[in-house]
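Colleague: Input structure: query_18.cif, which contains mmCIF, C-alpha atoms.
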data_structure
loop_
_atom_site.label_atom_id
_atom_site.label_comp_id
_atom_site.auth_asym_id
_atom_site.auth_seq_id
_atom_site.Cartn_x
_atom_site.Cartn_y
_atom_site.Cartn_z
CA MET J 22 82.16 67.68 53.74
CA ASN J 23 83.83 65.52 51.12
CA ALA J 24 87.43 64.34 51.20
CA PHE J 25 88.51 65.63 47.78
CA ASN J 26 90.97 68.47 47.23
CA SER J 27 89.74 71.81 45.93
CA ARG J 28 90.75 71.09 42.33
CA ALA J 29 88.83 67.80 42.28
CA ASN J 30 85.79 69.49 43.81
CA GLU J 31 85.82 72.09 41.04
CA VAL J 32 86.25 69.51 38.27
CA MET J 33 83.39 67.35 39.55
CA GLY J 34 80.94 70.19 40.14
CA LEU J 35 81.18 70.01 43.92
CA SER J 36 82.52 73.55 44.36
CA GLU J 37 81.88 76.98 42.85
CA ALA J 38 85.14 78.54 44.07
CA HIS J 39 86.53 78.73 40.52
CA LEU J 40 83.56 80.65 39.12
CA VAL J 41 82.55 84.27 38.59
CA PRO J 42 79.09 85.60 37.66
CA ILE J 43 78.58 86.98 34.16
CA GLY J 44 74.93 87.98 34.38
CA ASN J 45 71.56 86.32 33.83
CA ASN J 46 72.37 83.83 36.60
CA HIS J 47 75.22 82.32 34.61
CA PHE J 48 78.71 81.55 35.90
CA LEU J 49 82.00 80.83 34.14
CA HIS J 50 85.52 79.95 35.23
CA LYS J 51 87.34 83.07 36.41
CA ASN J 52 89.83 82.72 33.52
CA VAL J 53 87.08 82.35 30.93
CA ALA J 54 84.70 85.22 31.71
CA LEU J 55 86.74 88.01 30.09
CA PRO J 56 87.55 86.10 26.87
CA PHE J 57 83.86 85.25 26.57
CA ILE J 58 82.80 88.89 26.95
CA GLU J 59 85.38 89.90 24.33
CA MET J 60 84.05 87.24 21.95
CA GLN J 61 80.46 88.29 22.65
CA ASP J 62 81.30 91.93 21.92
CA ALA J 63 83.01 90.98 18.67
CA ALA J 64 79.97 89.00 17.55
CA ALA J 65 77.75 91.96 18.38
CA THR J 66 79.64 94.11 15.85
CA GLN J 67 78.24 91.76 13.20
CA HIS J 68 74.72 92.00 14.66
CA ILE J 69 74.86 88.62 16.37
CA ASP J 70 73.35 88.54 19.84
CA MET J 71 75.47 85.77 21.35
CA GLN J 72 74.04 84.81 24.73
CA ILE J 73 74.57 81.90 27.08
CA CYS J 74 71.64 79.55 27.63
CA SER J 75 73.52 77.07 29.84
CA SER J 76 76.78 77.50 31.73
CA PHE J 77 77.93 75.95 35.02
CA ARG J 78 75.89 73.03 36.34
CA ASN J 79 76.78 71.47 39.67
CA PHE J 80 77.00 67.77 40.46
CA ASP J 81 73.55 67.57 42.04
CA LYS J 82 71.87 69.21 39.05
CA GLN J 83 73.60 66.81 36.65
CA LEU J 84 72.69 63.89 38.90
CA SER J 85 69.03 64.91 38.84
CA ILE J 86 69.04 65.07 35.03
CA TRP J 87 70.74 61.66 34.86
CA ASN J 88 68.34 59.90 37.22
CA ARG J 89 65.25 61.40 35.62
CA LYS J 90 66.40 60.25 32.19
CA PHE J 91 67.41 56.82 33.45
CA SER J 92 64.01 56.33 35.11
CA GLY J 93 62.07 57.54 32.07
CA GLU J 94 60.84 60.74 33.71
CA LEU J 95 62.69 62.74 31.04
CA PRO J 96 62.82 61.61 27.40
CA LEU J 97 65.75 59.92 25.69
CA TYR J 98 66.62 60.51 22.04
CA THR J 99 68.57 58.85 19.27
CA LEU J 100 71.16 60.67 17.18
CA GLN J 101 68.34 61.50 14.75
CA ASN J 102 66.19 62.99 17.57
CA THR J 103 63.77 60.07 17.59
CA GLU J 104 62.39 59.52 21.08
CA LEU J 105 63.25 56.31 22.90
CA LEU J 106 61.35 54.60 25.71
CA ALA J 107 63.55 53.96 28.73
CA SER J 108 61.36 51.02 29.72
CA GLU J 109 62.32 49.22 26.50
CA LEU J 110 66.08 49.67 26.94
CA SER J 111 68.66 47.67 28.88
CA GLU J 112 70.73 49.51 31.47
CA GLN J 113 73.67 49.58 29.07
CA GLU J 114 71.50 51.03 26.31
CA LYS J 115 70.13 53.67 28.66
CA ILE J 116 73.61 54.75 29.72
CA HIS J 117 74.65 55.35 26.13
CA ALA J 118 71.34 56.95 25.17
CA ILE J 119 71.70 59.42 28.03
CA MET J 120 75.34 60.20 27.33
CA LEU J 121 74.64 60.89 23.68
CA TRP J 122 73.07 64.18 24.82
CA SER J 123 73.74 64.54 28.58
CA ALA J 124 76.88 64.07 30.64
CA LEU J 125 77.61 61.73 33.49
CA PRO J 126 77.47 63.56 36.86
CA GLY J 127 80.98 64.50 37.91
CA ALA J 128 82.19 64.16 34.32
CA SER J 129 80.30 67.04 32.72
CA ARG J 130 82.39 69.72 31.06
CA HIS J 131 79.80 72.18 32.37
CA HIS J 132 81.18 71.54 35.88
CA TRP J 133 84.48 73.03 34.83
CA GLY J 134 83.23 76.55 34.10
CA THR J 135 85.11 76.41 30.81
CA ASP J 136 82.17 75.18 28.75
CA PHE J 137 78.80 76.70 27.97
CA ASP J 138 75.99 76.70 25.39
CA VAL J 139 75.19 79.75 23.27
CA TYR J 140 72.38 80.97 21.05
CA ASP J 141 71.46 84.08 19.07
CA ARG J 142 68.89 85.61 21.39
CA ALA J 143 67.70 88.38 19.08
CA SER J 144 67.24 86.03 16.13
CA VAL J 145 65.42 83.43 18.23
CA HIS J 146 63.07 86.09 19.58
CA ALA J 147 62.54 87.67 16.16
CA GLN J 148 61.44 84.31 14.75
CA LYS J 149 59.27 83.64 17.82
CA HIS J 150 61.15 80.37 18.09
CA LYS J 151 61.28 78.15 21.17
CA LEU J 152 64.91 77.09 21.52
CA ALA J 153 65.39 73.33 21.76
CA LEU J 154 69.19 73.07 21.25
CA ILE J 155 69.07 70.80 18.23
CA PRO J 156 71.50 71.02 15.29
CA SER J 157 68.86 72.19 12.78
CA GLU J 158 68.54 75.47 14.70
CA TYR J 159 72.17 76.21 13.85
CA GLU J 160 72.00 75.45 10.12
CA ASN J 161 69.89 75.77 6.97
CA GLY J 162 67.99 78.93 7.84
CA GLY J 163 67.65 78.16 11.54
CA PRO J 164 67.61 81.11 13.95
CA CYS J 165 71.22 80.48 15.04
CA GLU J 166 72.73 79.71 11.63
CA LYS J 167 74.53 83.07 11.41
CA LEU J 168 75.91 82.60 14.93
CA SER J 169 77.13 79.10 14.10
CA LYS J 170 78.99 80.31 11.02
CA TRP J 171 80.54 83.13 13.04
CA ILE J 172 81.71 80.71 15.72
CA ILE J 173 83.36 78.45 13.16
CA GLN J 174 85.22 81.40 11.65
CA TYR J 175 86.11 83.50 14.67
CA ALA J 176 85.77 81.72 18.04
CA SER J 177 89.32 80.37 17.96
CA GLN J 178 90.65 83.94 17.90
CA PHE J 179 89.34 84.30 21.45
CA GLY J 180 90.58 80.88 22.64
CA PHE J 181 87.34 78.94 22.18
CA TYR J 182 86.52 75.82 20.20
CA LEU J 183 83.69 73.34 19.64
CA PRO J 184 84.55 70.10 21.51
CA TYR J 185 81.52 68.37 20.01
CA ALA J 186 81.78 69.81 16.52
CA ASN J 187 81.37 66.35 14.98
CA TYR J 188 79.84 63.06 16.06
CA VAL J 189 82.67 60.54 16.44
CA GLY J 190 80.84 57.86 18.40
CA GLY J 191 80.53 59.82 21.63
CA VAL J 192 78.39 62.91 22.20
CA ALA J 193 76.07 64.03 19.42
CA ARG J 194 77.11 67.05 17.37
CA GLU J 195 76.56 70.22 19.42
CA PRO J 196 77.22 73.40 17.40
CA TRP J 197 76.11 75.44 20.43
CA HIS J 198 78.67 74.04 22.92
CA LEU J 199 81.79 76.17 23.29
CA SER J 200 84.86 75.46 25.40
CA TYR J 201 87.80 77.63 26.43
CA LYS J 202 90.54 75.44 25.05
CA SER J 203 93.58 76.17 27.22
CA GLU J 204 91.77 75.83 30.55
CA ALA J 205 89.66 72.85 29.47
CA THR J 206 92.72 71.03 28.10
CA SER J 207 94.52 71.52 31.40
CA ILE J 208 91.55 70.05 33.28
CA GLN J 209 91.26 67.13 30.88
CA GLU J 210 94.96 66.30 31.15
CA GLY J 211 94.76 66.33 34.94
CA PHE J 212 91.47 64.45 35.21
CA VAL J 213 91.65 61.73 37.89
CA ILE J 214 89.31 58.81 37.21
CA ASP J 215 89.78 57.41 40.73
CA GLU J 216 88.35 60.59 42.26
CA LEU J 217 85.29 60.40 40.00
CA TYR J 218 84.90 56.71 40.86
CA SER J 219 84.88 57.51 44.57
CA GLN J 220 82.32 60.28 44.12
CA LEU J 221 79.96 58.15 42.05
CA GLU J 222 80.40 55.19 44.37
CA GLN J 223 78.83 57.19 47.18
CA ALA J 224 76.22 58.94 45.02
CA ASP J 225 72.59 57.90 44.61
CA ILE J 226 72.91 57.37 40.86
CA LEU J 227 70.86 54.92 38.81
CA GLY J 228 72.86 52.34 36.89
CA LYS J 229 75.78 52.75 39.33
CA GLU J 230 77.24 49.24 39.12
CA LEU J 231 77.45 49.23 35.34
CA ILE J 232 78.74 52.82 35.22
CA LEU J 233 81.58 52.08 37.61
CA GLN J 234 82.57 48.95 35.68
CA GLN J 235 83.27 51.00 32.54
CA LEU J 236 83.98 54.46 33.93
CA PRO J 237 87.35 55.16 32.21
CA ARG J 238 85.90 54.26 28.83
CA LEU J 239 82.78 56.37 29.35
CA VAL J 240 84.83 59.44 30.26
CA LYS J 241 87.14 58.95 27.28
CA GLN J 242 84.30 58.31 24.85
CA TYR J 243 81.92 61.06 25.94
CA THR J 244 83.50 63.73 28.18
CA PHE J 245 86.66 63.88 26.11
CA ASN J 246 84.79 62.88 22.92
CA LEU J 247 87.54 60.58 21.72
CA GLY J 248 85.20 57.94 20.34
CA PRO J 249 84.61 54.34 21.38
#
Can you turn what I pasted into structure tokens?
Modeller:
Amino acid sequence: MNAFNSRANEVMGLSEAHLVPIGNNHFLHKNVALPFIEMQDAAATQHIDMQICSSFRNFDKQLSIWNRKFSGELPLYTLQNTELLASELSEQEKIHAIMLWSALPGASRHHWGTDFDVYDRASVHAQKHKLALIPSEYENGGPCEKLSKWIIQYASQFGFYLPYANYVGGVAREPWHLSYKSEATSIQEGFVIDELYSQLEQADILGKELILQQLPRLVKQYTFNLGP
């Protein structure tokens, strides 16, 4: 049992008390599920099959992704999707290479239940395409181009926005990543770095010493996407 309050546990992916199921083994924040379904239904009227491919991820899942990338078990990529070799990078370079595409455990917006990744299931299946969640799939004739254009035009009407719409020196552009703005903004404004520090300090995370030294900057640059 950890010593954090319930709000901190939810923000850092240590609790699922704030979540409700929405089908296909996906979970969203209890205040986000209905607006998402309304948005999904609206997209369907324009023959767009908006489906979630990634929603809530807990701390342990994010930690596993982090450690496997840091150790070289999973690949690292540049902004241009060129693969990097972890063995050729310094610890500092690995931290930034990971965070370009994957969040720090405890600081992932996917912990919050407000954020999730979407794709056009029918279009992907019709093109017999294997989804990779790369920007080209959401533009220039890609299977999710129509969905992406719809999101840009209509998602805000349902309270959603693209927190990683543009690369500003933090996370790479993610046209598939939607966030429920009011709830996510509330979480961001109340985010307590000291609680995250304490959680990571006791976690079995690779690169821990360097991460802790620069934790406030990493959260600002990547989780909040405010640039370096």
Colleague: For region 174-190 of chain J, list every protein, DNA or RNA residue within 10 Å, evaluated using all atoms listed in the file, and leave out those in the same chain fewer than 6 positions away; present the list as a short mmCIF file (atom, residue, chain, number, x, y, z; two decimals) with C-alpha atoms, in the frame of the given file.
Modeller:
data_model
loop_
_atom_site.label_atom_id
_atom_site.label_comp_id
_atom_site.auth_asym_id
_atom_site.auth_seq_id
_atom_site.Cartn_x
_atom_site.Cartn_y
_atom_site.Cartn_z
CA VAL J 53 87.08 82.35 30.93
CA LEU J 55 86.74 88.01 30.09
CA PRO J 56 87.55 86.10 26.87
CA PHE J 57 83.86 85.25 26.57
CA ILE J 58 82.80 88.89 26.95
CA GLU J 59 85.38 89.90 24.33
CA MET J 60 84.05 87.24 21.95
CA GLN J 61 80.46 88.29 22.65
CA ALA J 63 83.01 90.98 18.67
CA ALA J 64 79.97 89.00 17.55
CA LEU J 100 71.16 60.67 17.18
CA LEU J 121 74.64 60.89 23.68
CA ARG J 130 82.39 69.72 31.06
CA THR J 135 85.11 76.41 30.81
CA ASP J 136 82.17 75.18 28.75
CA LEU J 168 75.91 82.60 14.93
CA PRO J 196 77.22 73.40 17.40
CA TRP J 197 76.11 75.44 20.43
CA HIS J 198 78.67 74.04 22.92
CA LEU J 199 81.79 76.17 23.29
CA SER J 200 84.86 75.46 25.40
CA TYR J 201 87.80 77.63 26.43
CA LYS J 202 90.54 75.44 25.05
CA SER J 203 93.58 76.17 27.22
CA GLU J 204 91.77 75.83 30.55
CA ALA J 205 89.66 72.85 29.47
CA GLN J 242 84.30 58.31 24.85
CA TYR J 243 81.92 61.06 25.94
CA THR J 244 83.50 63.73 28.18
CA PHE J 245 86.66 63.88 26.11
CA ASN J 246 84.79 62.88 22.92
CA LEU J 247 87.54 60.58 21.72
CA GLY J 248 85.20 57.94 20.34
CA PRO J 249 84.61 54.34 21.38
#
Colleague: My list of candidates is J:Ser85, J:Asn79, J:Gln220, J:Gln67. Which is closest to Glu37 (chain J) when distances are computed with only C-alpha atoms?
Modeller: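 For Glu37 (chain J), the nearest of the given residues is J:Asn79.
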Colleague: Running the PyMOL selection byres ((chain J and resi 71) around 9) on this model by hand, what would come out? Give it as a VMD selection string.
Modeller: chain J and resid 60 to 62 64 to 65 69 to 70 72 to 73 139 to 143 168
Colleague: Please write as a ChimeraX atom specification the full residue list that the PyMOL selection byres ((chain J and resi 221-235) around 10) yields on this file.
Modeller: /J:80-81,84-85,87-92,112-113,115-116,125-127,215-220,236-240
Colleague: Fewer than 2 positions away in the same chain doesn't count, so skip those; otherwise give me all residues within 9 Å of Ile155 (chain J), counting all atoms listed in the file, as a VMD selection string.
Modeller: chain J and resid 102 152 to 153 157 to 159 194 to 197
Colleague: Measure the distance from CA of Pro42 (chain J) to CA of Ala29 (chain J) in Å and round it to one decimal.
Modeller: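 For CA of Pro42 (chain J) relative to CA of Ala29 (chain J), the distance reads 20.8 Å.
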Colleague: Rounded to one decimal, what separation in Å do you get between CA of His146 (chain J) and CA of Gly44 (chain J)?
Modeller: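 Atom-to-atom, CA of His146 (chain J) to CA of Gly44 (chain J), that is 19.1 Å.
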Colleague: Mind pulling up the distance from CA of Ala118 (chain J) to CA of Ala193 (chain J)?
Modeller: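 Interatomic distance here is 10.3 Å.
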Colleague: Select, from J:Ile119, J:Gly134, J:Ser75, J:Gln148, the residue with the minimum atom-to-atom distance to Val41 (chain J), counting only C-alpha atoms.
Modeller: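 Closest to Val41 (chain J), using only C-alpha atoms: J:Gly134.
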Colleague: Nearest to Lys241 (chain J): which of J:Phe137, J:Ile172, J:Met120, J:Gly163 is it, counting all atoms listed in the file?
Modeller: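 Closest residue, counting all atoms listed in the file: J:Met120.
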Colleague: From the options J:Phe212, J:Trp133, J:Trp122, J:Tyr98, which residue's atoms come nearest to Ser36 (chain J), counting all atoms listed in the file?
Modeller: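 Counting all atoms listed in the file, the residue closest to Ser36 (chain J) is J:Trp133.
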Colleague: Which residue is closest to Ala38 (chain J)? Choose from J:Glu94, J:Asp138, J:His132, J:Thr66 and count all atoms listed in the file.
Modeller: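 Ranked by minimum distance to Ala38 (chain J), first place goes to J:His132.
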Colleague: Please determine, counting only C-alpha atoms, which residue among J:Gln101, J:Glu109, J:Arg28, J:Gln209 has the shortest atom-to-atom distance to Pro156 (chain J).
Modeller: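 Of the candidates, the smallest distance to Pro156 (chain J) is held by J:Gln101.
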Colleague: Quick one: what's the axis-aligned box for region 177-191 of chain J, all listed atoms, 6 Å on every side, centre and edges in Å to one decimal, as AutoDock Vina command-line options?
Modeller:
--center_x 85.2 --center_y 71.1 --center_z 18.8 --size_x 22.8 --size_y 38.4 --size_z 19.7
